[in-house]
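Below: the structure, in structure tokens.
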Amino acid sequence: MKKLFNYSIVLFVLVIVLLLIIPLPEALVDVVIIFNISLSMMILVTTMTIREPLEFSIFPSILLITTLFRLGINVSTTRNILTKGGSSGQVIQAFGDFILQGNVVVGLVIYLIIVLMQFLVITKGAERVAEVAARFTLDAMPGKQMAIDADLSSGLINEQQAKLRREKIQREADFYGSMDGATKIVKGDSVMSLITTAINLIGGVIIGMVQSGQDIGTVFTTYSIATVGDGLVGQIPSLLISTATGMIVTRAVAEGSLNEDVSKQFTNQPYAIMIAGVATAVIAIIPGMPVFQMAIVSIVLVTGGYYLSRRIQEEPAAASMALQMGGAPGGAMPEMAEEPPAQQPVSEEEYYKDVNNVYNLLTVEPIEMEFGYSLIPLADESVGGRMISRIVIFRRQYAQDMGLVVPSIKLRDSSALSTNEYCIRIKGEEVARGEILIDYFLALDPENPERIIDGIETVEPAYGIPSRWIRPEDREKAELYGYTVIDPLSVMVTHLSEVIRQHAYELLTRQEVVHLVENTKKTAPELIEEAFPNLVSYGLFQRILTSLLKEGVPIKDMETIIETLIDTLQETGLPIKDIDSLIERIRVALKRTITRMYCEDGSMKVITLDGELERTMAGSIARGEGGYYMALSPDMIQSLIRQIAEQLRKFNGFTQNPVVLTSQVMRVHFYRLVEPFYPNIRVLSFNEIASNVQIQSVGSLRMESGGVRQGQG
């Protein structure tokens, strides 16, 4: 039984096909007509109660099935009407008698009005809305995906949430694309209804007069009742489905169900309701108007609007009174912070007479962020500022991703900055600065915008993307044009998070290394006792972790890092000073983590080095006081850097960070060569890539006389 239920839709479609072939008795035709009307009503109510279109994502398929169902019913009823002298069940007879009321012309006119209303108004409008929605949804996909990546990088969402959002965007695009085609089915159904009606009427007249020999009046009366009744029982469900189609394609900006949105948005405009009531009363003055009826409508509108306005005004007062009486709305007691006892203020001279207070001036904050005056509300929680909560979310996400706990960030205002500026400092020194407009939104320019939106041109501070500040009312328009729109707080938090990512290795202090080791000791005490402090010093371990963080390698898998370090020192006998070799061994042990960071859909896009170029650079390695380095000529270095810049442009259309692939021997030396010019570039060796990943070369660097030339991968 359960298996039969699972295939119920398949069986239903097969029954529809049978309707096109097998004649049905009149009683069964009545059943399927009633079921068709009920099903259409159920679909219409569903489209009005959902909060977003994807809650009814099967609608395009349901639209096709119900249309086929109606066509099957039309074929069956037409067969009965033409073969049984205009008789096709009680439902059709009842509809025909009720609409015609003994007047064939009036009945046909009403039927044609219903058909044309559906065809010209509802169906045509729904078709246009679906077409525009599908187009704009597809155009906005890149911008929405960039917004998800920005939220992910700033720590607002995790990988799972980002994956769900991307899937939702893809489903929306597929849904609106399907709806664009499904509306053509509704349009064709309306045309087919007119054709079926004409066939029933003309065919019935011919059959009645030619085959049955009846007079024209009797034939026309008999078949007109059946034709109008058949047309209505098919057209009413079709009208309901067309209305449902229009409902679902116009729900793009809804926040709740249709009932909730209408109630909320109308009741929030009491003055509009009262003005409409007054206008109705004025119209009643026109001679000949039904004064009594219009007076009732006017009184209802004015009274209702007045009641709603009073209720809106009383709600804040009631909430304020509840707080003053000692409780928050809902019975929760507000938390009261204890105020510290008042201290007698002292002069600055008296304060610094105590030498211990002078030492407070020597403290350097790991991370500081200073604001101009107009940006203070973004960080002030007392006025609804959400920056602190956003920083907490980022700290948690960064710890999960990279294994490093970002230290506390000191936020303060600064009179040295302009009102819209902010400044980020690492260990007391400024490393980044930006300017935002708090009453605007930042729209990132797409590669090929459909239209240019009005705004103040600027550059996004975190990634250097050309952008423009736009007014809040232009936000939806910008998103439709393909722009990625970001609120001012997200711009600032994203910039802060990127600065922290770039300087994370500077924030890893010796004390923090001890904390990380002690935290690992909770799960692997024997491993920590074996390594620290006899085999590995905290200073050496700090240098290793700092090097990994500088190149963007997570240090979350602390056990693997320490185990590899112990095994390398014990098995190979490497000297403690050979930190580069130790780091390369650890990177190989973390290859799954490294691969995951730069792999998309099982492939990794890289820039490779030609064998001749790599041999030349390997032969130039020399040893100096600070260790090994590549002694290349200035011309070769300049040519190499220039060609790398050209290759990096190929990654502009990818979401993956640029990666240069080298041998394990050359990796660290090549990185040190290019890092001063391109600090965000990632240099990997072949040993650091998992075996199940497909490497896709987008370009290569090759040797030529006088320098380096670019080659295609």
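By convention here, the chains of the structure tokens are called A, B, ... in the order presented, each chain's residues are numbered starting at 1, and ligands are numbered starting at 1 in the order presented.
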Quick one: everything within 9 Å of Gly181 (chain A), counting only C-alpha atoms, minus sequence neighbours fewer than 4 positions away in the same chain. Send it as a VMD selection string. chain A and resid 60 127 130 to 131 176 to 177 185
Which one is closest to Asp189 (chain A): A:Arg425, A:Arg79, A:Arg70, A:Arg165? Count only C-alpha atoms.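 Checking each of A:Arg425, A:Arg79, A:Arg70, A:Arg165 against Asp189 (chain A), counting only C-alpha atoms, the winner is A:Arg70.
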Residue nearest Val659 (chain A) - candidates A:Ser61, A:Ser620, A:Asn36, A:Ser700, atoms counted: only C-alpha atoms: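 Selected residue with least distance to Val659 (chain A): A:Ser700.
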With only C-alpha atoms as the counted atoms, please give the residues lying no more than 9 Å from Thr245 (chain A), apart from itself and same-chain residues fewer than 3 positions off, as number ranges by chain. A: 44, 47, 59-60, 63, 122-123, 126-127, 130, 179, 182-183, 186, 240-242, 248-250
Atoms to include: N, CA, C and O atoms. Write the selected residues as a short mmCIF file (atom, residue, chain, number, x, y, z; two decimals), in the first residue's frame.
data_model
loop_
_atom_site.label_atom_id
_atom_site.label_comp_id
_atom_site.auth_asym_id
_atom_site.auth_seq_id
_atom_site.Cartn_x
_atom_site.Cartn_y
_atom_site.Cartn_z
N LEU A 44 -4.69 27.39 -5.13
CA LEU A 44 -4.77 28.84 -4.96
C LEU A 44 -4.56 29.23 -3.50
O LEU A 44 -3.80 30.16 -3.19
N THR A 47 -0.86 28.94 -2.54
CA THR A 47 -0.01 30.04 -3.01
C THR A 47 -0.22 31.31 -2.20
O THR A 47 0.67 32.17 -2.14
N PHE A 59 5.35 23.80 -7.99
CA PHE A 59 4.24 24.44 -8.70
C PHE A 59 4.34 24.32 -10.22
O PHE A 59 3.33 24.05 -10.88
N PRO A 60 5.51 24.53 -10.86
CA PRO A 60 5.56 24.38 -12.33
C PRO A 60 5.12 23.00 -12.79
O PRO A 60 4.38 22.88 -13.78
N LEU A 63 1.41 22.68 -12.26
CA LEU A 63 0.71 23.46 -13.28
C LEU A 63 0.55 22.64 -14.56
O LEU A 63 -0.52 22.62 -15.19
N ILE A 122 -5.01 38.26 -16.45
CA ILE A 122 -4.27 37.45 -15.47
C ILE A 122 -3.13 36.68 -16.13
O ILE A 122 -1.98 36.77 -15.71
N THR A 123 -3.45 35.92 -17.19
CA THR A 123 -2.43 35.08 -17.82
C THR A 123 -1.32 35.93 -18.44
O THR A 123 -0.13 35.63 -18.26
N ALA A 126 0.77 37.53 -15.61
CA ALA A 126 1.62 36.54 -14.93
C ALA A 126 2.78 36.11 -15.82
O ALA A 126 3.90 35.90 -15.35
N GLU A 127 2.52 36.00 -17.11
CA GLU A 127 3.58 35.62 -18.05
C GLU A 127 4.70 36.66 -18.07
O GLU A 127 5.88 36.32 -18.02
N ALA A 130 6.62 36.61 -14.70
CA ALA A 130 7.51 35.44 -14.62
C ALA A 130 8.74 35.62 -15.50
O ALA A 130 9.85 35.25 -15.12
N MET A 179 9.10 28.66 -14.08
CA MET A 179 7.85 29.42 -14.11
C MET A 179 7.71 30.22 -15.40
O MET A 179 6.59 30.43 -15.89
N ALA A 182 6.34 27.74 -17.62
CA ALA A 182 5.04 27.22 -17.20
C ALA A 182 3.91 28.18 -17.52
O ALA A 182 2.78 27.76 -17.78
N THR A 183 4.19 29.50 -17.50
CA THR A 183 3.13 30.46 -17.82
C THR A 183 2.67 30.34 -19.28
O THR A 183 1.53 30.69 -19.60
N VAL A 186 -0.24 27.97 -19.27
CA VAL A 186 -1.50 28.61 -18.87
C VAL A 186 -2.10 29.38 -20.05
O VAL A 186 -3.31 29.34 -20.30
N LEU A 240 -8.66 29.83 -11.52
CA LEU A 240 -8.04 29.68 -10.20
C LEU A 240 -6.54 29.39 -10.32
O LEU A 240 -5.71 29.96 -9.60
N ILE A 241 -6.18 28.50 -11.25
CA ILE A 241 -4.77 28.17 -11.44
C ILE A 241 -4.00 29.37 -11.99
O ILE A 241 -2.86 29.64 -11.59
N SER A 242 -4.61 30.12 -12.91
CA SER A 242 -3.95 31.31 -13.45
C SER A 242 -3.71 32.34 -12.34
O SER A 242 -2.66 32.98 -12.27
N ILE A 248 2.11 33.44 -7.14
CA ILE A 248 3.40 32.88 -6.77
C ILE A 248 4.56 33.63 -7.43
O ILE A 248 5.64 33.73 -6.87
N VAL A 249 4.34 34.18 -8.63
CA VAL A 249 5.43 34.91 -9.28
C VAL A 249 5.54 36.34 -8.79
O VAL A 249 6.52 37.03 -9.08
N THR A 250 4.52 36.83 -8.06
CA THR A 250 4.59 38.18 -7.50
C THR A 250 4.93 38.18 -6.02
O THR A 250 4.80 39.21 -5.36
#
Which of A:Leu673, A:Gly624, A:Gly125, A:Ser603 sits closest to Val693 (chain A) [using only C-alpha atoms]: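 Selected residue with least distance to Val693 (chain A): A:Ser603.
Between CA of Leu417 (chain A) and CA of Pro377 (chain A) the separation is 15.6 Å.
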Could you find all residues in region 531-618 of chain A that DSSP calls helix (DSSP H, G or I) from the backbone, and write them as number ranges by chain? A: 531, 538-550, 558-571, 579-589, 591-598, 611-618
From the options A:Ala432, A:Val674, A:Ile113, A:Leu701, which residue's atoms come nearest to Glu370 (chain A), counting only C-alpha atoms?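 Comparing A:Ala432, A:Val674, A:Ile113, A:Leu701 against Glu370 (chain A), the winner is A:Ala432.
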Name the residues in contact with Thr595 (chain A) at a cut-off of 9 Å, using only C-alpha atoms, excluding same-chain residues fewer than 3 positions from it; report them as a ChimeraX atom specification. /A:590-592,598-599,604,688-690,693
Report as a PyMOL selection string all protein, DNA and RNA residues lying within 6 Å of region 455-457 of chain A, evaluated on only C-alpha atoms, omitting residues in the same chain fewer than 2 positions from it. chain A and resi 467-470
Could you name the residues that touch Leu201 (chain A) at 7 Å or less, counting only C-alpha atoms, but leaving out those on the same chain fewer than 4 positions away, as a VMD selection string? chain A and resid 197 205 223 to 224 227
For the residues in the current selection, export all heavy atoms as a short mmCIF file (atom, residue, chain, number, x, y, z; two decimals), in the first residue's frame.
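The resulting file, again_5.cif, is reproduced below:
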data_model
loop_
_atom_site.label_atom_id
_atom_site.label_comp_id
_atom_site.auth_asym_id
_atom_site.auth_seq_id
_atom_site.Cartn_x
_atom_site.Cartn_y
_atom_site.Cartn_z
N THR A 197 -14.76 25.23 -26.87
CA THR A 197 -16.12 25.78 -26.83
C THR A 197 -16.69 25.91 -28.23
O THR A 197 -17.86 25.55 -28.49
CB THR A 197 -16.10 27.15 -26.13
OG1 THR A 197 -15.58 27.01 -24.81
CG2 THR A 197 -17.50 27.73 -26.05
N VAL A 205 -24.35 21.66 -33.16
CA VAL A 205 -25.38 22.13 -34.09
C VAL A 205 -25.41 21.26 -35.34
O VAL A 205 -26.48 20.86 -35.83
CB VAL A 205 -25.14 23.61 -34.45
CG1 VAL A 205 -26.06 24.04 -35.59
CG2 VAL A 205 -25.36 24.49 -33.23
N TYR A 223 -27.48 22.50 -27.13
CA TYR A 223 -26.03 22.46 -27.16
C TYR A 223 -25.39 23.73 -26.57
O TYR A 223 -24.24 23.71 -26.13
CB TYR A 223 -25.52 22.22 -28.58
CG TYR A 223 -25.69 20.79 -29.01
CD1 TYR A 223 -26.79 20.41 -29.77
CD2 TYR A 223 -24.77 19.82 -28.64
CE1 TYR A 223 -26.97 19.10 -30.16
CE2 TYR A 223 -24.94 18.50 -29.03
CZ TYR A 223 -26.03 18.14 -29.79
OH TYR A 223 -26.20 16.83 -30.16
N SER A 224 -26.12 24.85 -26.56
CA SER A 224 -25.56 26.04 -25.94
C SER A 224 -25.46 25.87 -24.42
O SER A 224 -24.50 26.32 -23.79
CB SER A 224 -26.41 27.27 -26.29
OG SER A 224 -27.73 27.13 -25.76
N THR A 227 -22.57 23.58 -23.91
CA THR A 227 -21.30 24.24 -24.25
C THR A 227 -20.87 25.22 -23.17
O THR A 227 -19.73 25.23 -22.73
CB THR A 227 -21.43 24.97 -25.59
OG1 THR A 227 -21.73 24.03 -26.61
CG2 THR A 227 -20.13 25.69 -25.93
#
Any idea what the distance is between CA of Thr546 (chain A) and CA of Ala524 (chain A)?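 If I compute the distance from CA of Thr546 (chain A) to CA of Ala524 (chain A), I get 22.0 Å.
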